[in-house]
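Enquirer: Could you have a look at this structure, given as structure tokens, before my questions?
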Amino acid sequence: MVFVKTYTSLVSSITQSVQVFRSTLKFMKNKNRNTQVSIDFENGVIDGVLKQIRQSGASGSDPKIAKLIPVWCCNIKVTETKSLLVFIKEMLTPFDEVSLTHVKRFKKESDEQQGTFLRAILCSGDLYGTEGDLRELFREHCAGVDSQHLPIYKTDIPKHGAPTAEISKDWSEKYWPMSWKGNPNHQVLLNADFDVAKERTMVNATLDELEKRAGQHPGDVPVVTIIATPQHEILTTAYDHRDTHVLKHSVMNAIQQIADLEVQRRSNRNAVAGEEDSKANNNYLCHNLHVYTTHEPCVMCSMALVHSRIGRLVYIKSMPSTGALESNYQLGDRDGLNWNFETWKWIADEENKRLDAIMEKSKHELASNTHI
Amino acid sequence: MTDLTNEFSNMSLALFLAFKALLSNETPVACILVEDDKVIAVGYNGTNKTLNGTRHAEFEAIDQALRYFAENKRHAVGEHIVKEFEKVTLYVTVEPCIMCASALRQIGIKRVVFGCANERFGGNGTILKVHQEGPGQPYNSFGGVLRTESIQLLRNFYIQENTQAPIPKTKKNKDIEGKVFPPAIHFENYVSHDEFLSFYGEERAPFFAEENREITPLPNQGYCIVDIIDEEKLLSIPQLQELYSKEPTSSLSDDLTTFAKTFYPIGKDGTVNYDKEILTVQDFSKRHNQKTTSKLDVNEPDHKKCKLTSAGPAVQC
Ligand SMILES: [Zn+2]
Ligand SMILES: [Zn+2]
């Protein structure tokens, strides 16, 4: 994919893009920008520089086997459909952390007793603890459905959409009717909507800081983390301080700095307003922020990013022994955790070489078993 | 005979701290760090106060321990930290999460004793075995010490709402009857059989694979929390003294009375005695409101049988 590098200017000619279709690369026009990026769907690589790191892409997982999650279901008469949909839309979906758009809402069934009826998915199995909780909610908020005699039960459905139309058909027969909208990861790659030039700037910003820091504090473990808004506005830059406290890795420090900024912001705001503003204006942890860091974070730091609800992580160098994303555990999108974030590895030669050069110049030998 | 009384006694201190957190509407998870039978640090979950989702009880306690080391001219900076923690045991009411499990490994903790499993994030065996896998020094983690009591505090908390989360849950808690506790700890996910015997003793060997019995301080003997908690030991914790001096309206003996009535006793066969009437968080606030006028007699029989949420111990550590 050497030719991709010629696209760093993001202005491509038609003749050049024709070449590209020889491989799995596709060129997509960015939604909001007059630029094009290439997407290697098979390998999850954008413009040859950003590689998608994800659990389901990891070796050893069979895409044909559905990962199942429990959902709450009920059986209704066809005439009750409208009331139920309103109820789901207003009372359940807004509070549900699990997306259910990859399955059809209803499944038509019939038997001798009831004639035709609909099985309906209400919400994820975790949203309510008991059938009684849900029935109570029905009683209070869904007059159009006979809540007293409503069969409410749990069933297992695939957690994600199927990777191919064929598998989707299989799963529809086996578990629950699926909505086939193409390979869900292709959608993820399309929706990522990277401004690659800006991403490159951010990655180089971490390297600039690293270079500066290595010059000023040659004894420090040479790692830098930047937290930014999704619009690439840098909120904070953090370094490693394990010389004073063994757990003060740059990621932990960056998270702490974001918290400190919010504490400060709220106190300034309250001083001006004279009273506490509405909660709606509060920032919540590092909710949906983007994190750029030079090295693959350790287990502690990766889980700290989960607890902090970040939106996206970009790192440059893998840490095969201590890293907790591609190297071990895949904590960014691991099943069972209550928060997932996008993880990308910056694989462009130029910045990787630049990082290596800075590391070499720095006085600190980074051992392979050093937790980053 | 393997007597776990001291382990239970230490854990009861952490449990009481967690109970204090519950009284002030904070996540009821707490821990203490013990070295040579001395409490050198305590920690509460500080995520709401600091607006930092990583300030779990363990981190608060580790920071306090580092201050303690510094005051005692012990060199706990950089990689020397591992030497300082080599005699320190963490007692924590809930199994450390994946993040904390890794942090504990990086400071070189001697061992961990925990109450209940952390079903969503547990890093000492429930989700990942961070205490045993990967680079660095592994440590042992022994669960099930005051397990049902630790869960009981969490259930009380989840009756209330955690108002900081962005997504409201419209959960209704009425009409929920007292719930039995989830099955006991499945020890083989946490420790090897040999490690199990080294801590719990040969007499408790059947508990290794037992699903429905609780560990008790002495084999074949039940307990109530009042038998275990030591008021003098509690008062020897400087942070707790400080806490009470800041809260003139609450007294340790009042809190201990309520504390004692918050939990079910455990029978001699290790089963929970659900027949006992216990107090819940709603009773606590009732008690608090009545305090200024008349002191509520906690023996009065009008307390309803325990009402619990359906929420299990799914807590951010
Ligand atoms: Zn780290
Ligand atoms: Zn934790």
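By order of appearance in the structure tokens: chains A, B, ..., then residues from 1 within every chain, and ligands from 1 in the order shown.
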Return as a Markdown table the residues of chain B lying at most 10 Å from ligand 2, together with the closest atom-to-atom pair for each and the distance in Å to one decimal, counting only C-alpha atoms and all ligand atoms, with rows in chain order and ascending residue number.
Expert:
```
| residue | atom | partner | partner_atom_place_in_ligand_line | distance |
| --- | --- | --- | --- | --- |
| B:Val29 | CA | ligand 2 | 1 (Zn) | 9.9 |
| B:Asn45 | CA | ligand 2 | 1 (Zn) | 8.8 |
| B:Gly53 | CA | ligand 2 | 1 (Zn) | 9.3 |
| B:Thr54 | CA | ligand 2 | 1 (Zn) | 7.0 |
| B:Arg55 | CA | ligand 2 | 1 (Zn) | 7.8 |
| B:His56 | CA | ligand 2 | 1 (Zn) | 5.0 |
| B:Ala57 | CA | ligand 2 | 1 (Zn) | 7.1 |
| B:Glu58 | CA | ligand 2 | 1 (Zn) | 6.6 |
| B:Phe59 | CA | ligand 2 | 1 (Zn) | 7.8 |
| B:Val94 | CA | ligand 2 | 1 (Zn) | 9.1 |
| B:Glu95 | CA | ligand 2 | 1 (Zn) | 8.4 |
| B:Pro96 | CA | ligand 2 | 1 (Zn) | 5.2 |
| B:Cys97 | CA | ligand 2 | 1 (Zn) | 4.1 |
| B:Ile98 | CA | ligand 2 | 1 (Zn) | 6.5 |
| B:Met99 | CA | ligand 2 | 1 (Zn) | 5.4 |
| B:Cys100 | CA | ligand 2 | 1 (Zn) | 4.2 |
| B:Ala101 | CA | ligand 2 | 1 (Zn) | 7.1 |
| B:Ser102 | CA | ligand 2 | 1 (Zn) | 9.2 |
| B:Ala103 | CA | ligand 2 | 1 (Zn) | 8.8 |
| B:Leu104 | CA | ligand 2 | 1 (Zn) | 9.9 |
| B:Asn118 | CA | ligand 2 | 1 (Zn) | 9.5 |
| B:Phe121 | CA | ligand 2 | 1 (Zn) | 8.0 |
| B:Gly122 | CA | ligand 2 | 1 (Zn) | 8.3 |
| B:Gly123 | CA | ligand 2 | 1 (Zn) | 8.5 |
| B:Val315 | CA | ligand 2 | 1 (Zn) | 9.3 |
| B:Gln316 | CA | ligand 2 | 1 (Zn) | 6.4 |
| B:Cys317 | CA | ligand 2 | 1 (Zn) | 4.5 |
```
Enquirer: Keeping N, CA and C atoms, export the residues of the selection given above as an mmCIF file, in the first residue's frame.
Expert:
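Dumped everything to part.cif:
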```
data_model
loop_
_atom_site.group_PDB
_atom_site.id
_atom_site.type_symbol
_atom_site.label_atom_id
_atom_site.label_comp_id
_atom_site.auth_asym_id
_atom_site.auth_seq_id
_atom_site.Cartn_x
_atom_site.Cartn_y
_atom_site.Cartn_z
ATOM 1 N N VAL B 29 -18.114 1.098 49.035
ATOM 2 C CA VAL B 29 -16.973 0.210 48.850
ATOM 3 C C VAL B 29 -15.815 0.867 49.597
ATOM 4 N N ASN B 45 -14.368 4.939 48.034
ATOM 5 C CA ASN B 45 -14.539 5.305 46.634
ATOM 6 C C ASN B 45 -14.687 6.825 46.548
ATOM 7 N N GLY B 53 -13.147 9.178 37.519
ATOM 8 C CA GLY B 53 -13.683 7.815 37.551
ATOM 9 C C GLY B 53 -12.677 6.756 37.965
ATOM 10 N N THR B 54 -11.425 7.149 38.161
ATOM 11 C CA THR B 54 -10.410 6.167 38.550
ATOM 12 C C THR B 54 -10.104 6.206 40.045
ATOM 13 N N ARG B 55 -10.757 7.118 40.767
ATOM 14 C CA ARG B 55 -10.430 7.236 42.197
ATOM 15 C C ARG B 55 -11.187 6.195 43.013
ATOM 16 N N HIS B 56 -10.898 4.951 42.763
ATOM 17 C CA HIS B 56 -11.488 3.861 43.532
ATOM 18 C C HIS B 56 -10.832 3.819 44.912
ATOM 19 N N ALA B 57 -11.492 3.125 45.839
ATOM 20 C CA ALA B 57 -11.022 3.056 47.220
ATOM 21 C C ALA B 57 -9.547 2.643 47.292
ATOM 22 N N GLU B 58 -9.148 1.699 46.453
ATOM 23 C CA GLU B 58 -7.776 1.197 46.493
ATOM 24 C C GLU B 58 -6.764 2.306 46.210
ATOM 25 N N PHE B 59 -7.084 3.156 45.237
ATOM 26 C CA PHE B 59 -6.168 4.242 44.892
ATOM 27 C C PHE B 59 -6.045 5.245 46.038
ATOM 28 N N VAL B 94 -15.131 -5.255 48.144
ATOM 29 C CA VAL B 94 -15.465 -5.807 46.827
ATOM 30 C C VAL B 94 -14.164 -6.148 46.097
ATOM 31 N N GLU B 95 -14.150 -7.266 45.419
ATOM 32 C CA GLU B 95 -12.982 -7.664 44.618
ATOM 33 C C GLU B 95 -12.466 -6.477 43.790
ATOM 34 N N PRO B 96 -11.165 -6.229 43.798
ATOM 35 C CA PRO B 96 -10.634 -5.113 43.003
ATOM 36 C C PRO B 96 -11.005 -5.243 41.525
ATOM 37 N N CYS B 97 -11.290 -4.107 40.895
ATOM 38 C CA CYS B 97 -11.598 -4.119 39.463
ATOM 39 C C CYS B 97 -10.300 -4.365 38.691
ATOM 40 N N ILE B 98 -10.409 -4.490 37.384
ATOM 41 C CA ILE B 98 -9.253 -4.775 36.533
ATOM 42 C C ILE B 98 -8.174 -3.702 36.695
ATOM 43 N N MET B 99 -8.602 -2.451 36.749
ATOM 44 C CA MET B 99 -7.647 -1.341 36.910
ATOM 45 C C MET B 99 -6.903 -1.451 38.239
ATOM 46 N N CYS B 100 -7.668 -1.611 39.317
ATOM 47 C CA CYS B 100 -7.049 -1.672 40.643
ATOM 48 C C CYS B 100 -6.202 -2.931 40.795
ATOM 49 N N ALA B 101 -6.672 -4.030 40.226
ATOM 50 C CA ALA B 101 -5.918 -5.283 40.301
ATOM 51 C C ALA B 101 -4.531 -5.092 39.691
ATOM 52 N N SER B 102 -4.467 -4.350 38.586
ATOM 53 C CA SER B 102 -3.185 -4.089 37.942
ATOM 54 C C SER B 102 -2.340 -3.130 38.791
ATOM 55 N N ALA B 103 -2.988 -2.105 39.345
ATOM 56 C CA ALA B 103 -2.275 -1.151 40.203
ATOM 57 C C ALA B 103 -1.649 -1.878 41.396
ATOM 58 N N LEU B 104 -2.404 -2.783 42.003
ATOM 59 C CA LEU B 104 -1.925 -3.514 43.181
ATOM 60 C C LEU B 104 -0.712 -4.371 42.835
ATOM 61 N N ASN B 118 -16.651 -8.942 42.173
ATOM 62 C CA ASN B 118 -17.038 -7.777 41.392
ATOM 63 C C ASN B 118 -17.490 -8.312 40.024
ATOM 64 N N PHE B 121 -16.481 -6.052 36.761
ATOM 65 C CA PHE B 121 -15.132 -5.559 36.465
ATOM 66 C C PHE B 121 -14.030 -6.307 37.192
ATOM 67 N N GLY B 122 -14.368 -7.393 37.879
ATOM 68 C CA GLY B 122 -13.406 -8.024 38.775
ATOM 69 C C GLY B 122 -12.104 -8.432 38.094
ATOM 70 N N GLY B 123 -10.987 -7.993 38.665
ATOM 71 C CA GLY B 123 -9.671 -8.280 38.093
ATOM 72 C C GLY B 123 -8.870 -9.301 38.881
ATOM 73 N N VAL B 315 -20.648 -3.001 40.660
ATOM 74 C CA VAL B 315 -20.252 -1.669 41.071
ATOM 75 C C VAL B 315 -18.879 -1.373 40.509
ATOM 76 N N GLN B 316 -18.614 -0.097 40.297
ATOM 77 C CA GLN B 316 -17.290 0.258 39.819
ATOM 78 C C GLN B 316 -16.317 0.132 40.969
ATOM 79 N N CYS B 317 -16.041 -1.077 41.289
ATOM 80 C CA CYS B 317 -15.140 -1.415 42.380
ATOM 81 C C CYS B 317 -15.624 -0.901 43.718
#
```
Enquirer: What residues have any atom no more than 8 Å from ligand 1 when counting only C-alpha atoms and all ligand atoms, and can you list them as a tab-separated table (two decimals) with all heavy atoms, in the first residue's frame?
Expert:
```tsv
chain	number	residue	atom	x	y	z
A	247	LEU	N	2.37	4.66	40.21
A	247	LEU	CA	1.15	4.50	39.41
A	247	LEU	C	0.84	5.73	38.54
A	247	LEU	O	-0.14	5.74	37.82
A	247	LEU	CB	-0.04	4.20	40.32
A	247	LEU	CG	0.12	2.97	41.22
A	247	LEU	CD1	-1.11	2.80	42.10
A	247	LEU	CD2	0.35	1.72	40.38
A	248	LYS	N	1.70	6.74	38.63
A	248	LYS	CA	1.41	7.96	37.87
A	248	LYS	C	1.89	7.84	36.43
A	248	LYS	O	2.78	8.57	35.98
A	248	LYS	CB	1.98	9.18	38.59
A	248	LYS	CG	1.30	9.39	39.93
A	248	LYS	CD	1.24	10.82	40.36
A	248	LYS	CE	0.17	10.92	41.44
A	248	LYS	NZ	0.12	12.10	42.19
A	249	HIS	N	1.27	6.95	35.71
A	249	HIS	CA	1.53	6.82	34.28
A	249	HIS	C	0.86	8.00	33.57
A	249	HIS	O	-0.07	8.60	34.12
A	249	HIS	CB	0.96	5.50	33.76
A	249	HIS	CG	1.53	4.29	34.42
A	249	HIS	ND1	1.17	3.01	34.06
A	249	HIS	CD2	2.44	4.15	35.42
A	249	HIS	CE1	1.84	2.14	34.80
A	249	HIS	NE2	2.60	2.81	35.64
A	250	SER	N	1.30	8.29	32.35
A	250	SER	CA	0.81	9.50	31.69
A	250	SER	C	-0.70	9.45	31.48
A	250	SER	O	-1.37	10.48	31.58
A	250	SER	CB	1.54	9.72	30.37
A	250	SER	OG	1.21	8.72	29.44
A	251	VAL	N	-1.27	8.27	31.20
A	251	VAL	CA	-2.72	8.18	31.00
A	251	VAL	C	-3.46	8.52	32.29
A	251	VAL	O	-4.42	9.31	32.29
A	251	VAL	CB	-3.12	6.77	30.50
A	251	VAL	CG1	-4.63	6.57	30.58
A	251	VAL	CG2	-2.65	6.55	29.05
A	252	MET	N	-3.00	7.96	33.42
A	252	MET	CA	-3.64	8.25	34.71
A	252	MET	C	-3.54	9.75	35.00
A	252	MET	O	-4.50	10.36	35.49
A	252	MET	CB	-2.97	7.47	35.84
A	252	MET	CG	-2.99	5.96	35.69
A	252	MET	SD	-4.63	5.24	35.50
A	252	MET	CE	-5.25	5.28	37.17
A	297	PRO	N	-1.27	1.53	26.23
A	297	PRO	CA	-1.40	1.61	27.69
A	297	PRO	C	-1.46	0.23	28.36
A	297	PRO	O	-1.90	-0.75	27.76
A	297	PRO	CB	-2.72	2.35	27.90
A	297	PRO	CG	-2.98	3.07	26.61
A	297	PRO	CD	-2.41	2.18	25.55
A	298	CYS	N	-1.04	0.20	29.64
A	298	CYS	CA	-1.06	-1.03	30.42
A	298	CYS	C	-2.49	-1.37	30.87
A	298	CYS	O	-3.42	-0.62	30.59
A	298	CYS	CB	-0.13	-0.91	31.63
A	298	CYS	SG	-0.78	0.14	32.96
A	299	VAL	N	-2.65	-2.46	31.59
A	299	VAL	CA	-3.97	-2.90	32.05
A	299	VAL	C	-4.63	-1.81	32.91
A	299	VAL	O	-5.80	-1.46	32.70
A	299	VAL	CB	-3.87	-4.21	32.86
A	299	VAL	CG1	-5.23	-4.60	33.44
A	299	VAL	CG2	-3.34	-5.35	31.99
A	300	MET	N	-3.87	-1.29	33.85
A	300	MET	CA	-4.42	-0.25	34.73
A	300	MET	C	-4.91	0.94	33.91
A	300	MET	O	-6.05	1.39	34.09
A	300	MET	CB	-3.35	0.20	35.73
A	300	MET	CG	-3.75	1.43	36.54
A	300	MET	SD	-2.48	1.94	37.71
A	300	MET	CE	-1.22	2.62	36.60
A	301	CYS	N	-4.06	1.43	33.03
A	301	CYS	CA	-4.41	2.64	32.26
A	301	CYS	C	-5.55	2.37	31.28
A	301	CYS	O	-6.43	3.21	31.10
A	301	CYS	CB	-3.18	3.17	31.54
A	301	CYS	SG	-1.97	3.87	32.68
A	302	SER	N	-5.53	1.22	30.63
A	302	SER	CA	-6.60	0.91	29.67
A	302	SER	C	-7.95	0.82	30.38
A	302	SER	O	-8.96	1.34	29.89
A	302	SER	CB	-6.31	-0.40	28.94
A	302	SER	OG	-5.11	-0.29	28.22
A	371	HIS	N	5.34	-1.20	32.45
A	371	HIS	CA	3.93	-0.86	32.25
A	371	HIS	C	3.82	0.59	31.82
A	371	HIS	O	4.33	1.47	32.50
A	371	HIS	CB	3.14	-1.06	33.54
A	371	HIS	CG	2.99	-2.49	33.92
A	371	HIS	ND1	3.95	-3.18	34.61
A	371	HIS	CD2	1.97	-3.37	33.71
A	371	HIS	CE1	3.55	-4.43	34.80
A	371	HIS	NE2	2.35	-4.57	34.26
A	372	ILE	N	3.13	0.82	30.71
A	372	ILE	CA	3.01	2.19	30.19
A	372	ILE	C	1.64	2.76	30.52
A	372	ILE	O	0.65	2.09	30.32
A	372	ILE	CB	3.24	2.22	28.67
A	372	ILE	CG1	4.68	1.79	28.37
A	372	ILE	CG2	2.96	3.60	28.11
A	372	ILE	CD1	5.75	2.68	28.97
```
Enquirer: Just to confirm, what's the straight-line distance from atom CA of A:Phe87 to atom CA of A:Lys181 in Å (one decimal)?
Expert: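 We find that atom CA of A:Phe87 and atom CA of A:Lys181 lie 25.6 Å from each other.
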Enquirer: Quick one, how far is atom CA of B:Gln132 from atom CA of B:Glu195?
Expert: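 Atom CA of B:Glu195 lies at a distance of 12.1 Å from atom CA of B:Gln132.
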Enquirer: Record the distance separating atom CA of A:Tyr315 and atom CA of B:Thr126, expressed in Å with one decimal.
Expert: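 Atom CA of A:Tyr315 sits 28.3 Å away from atom CA of B:Thr126.
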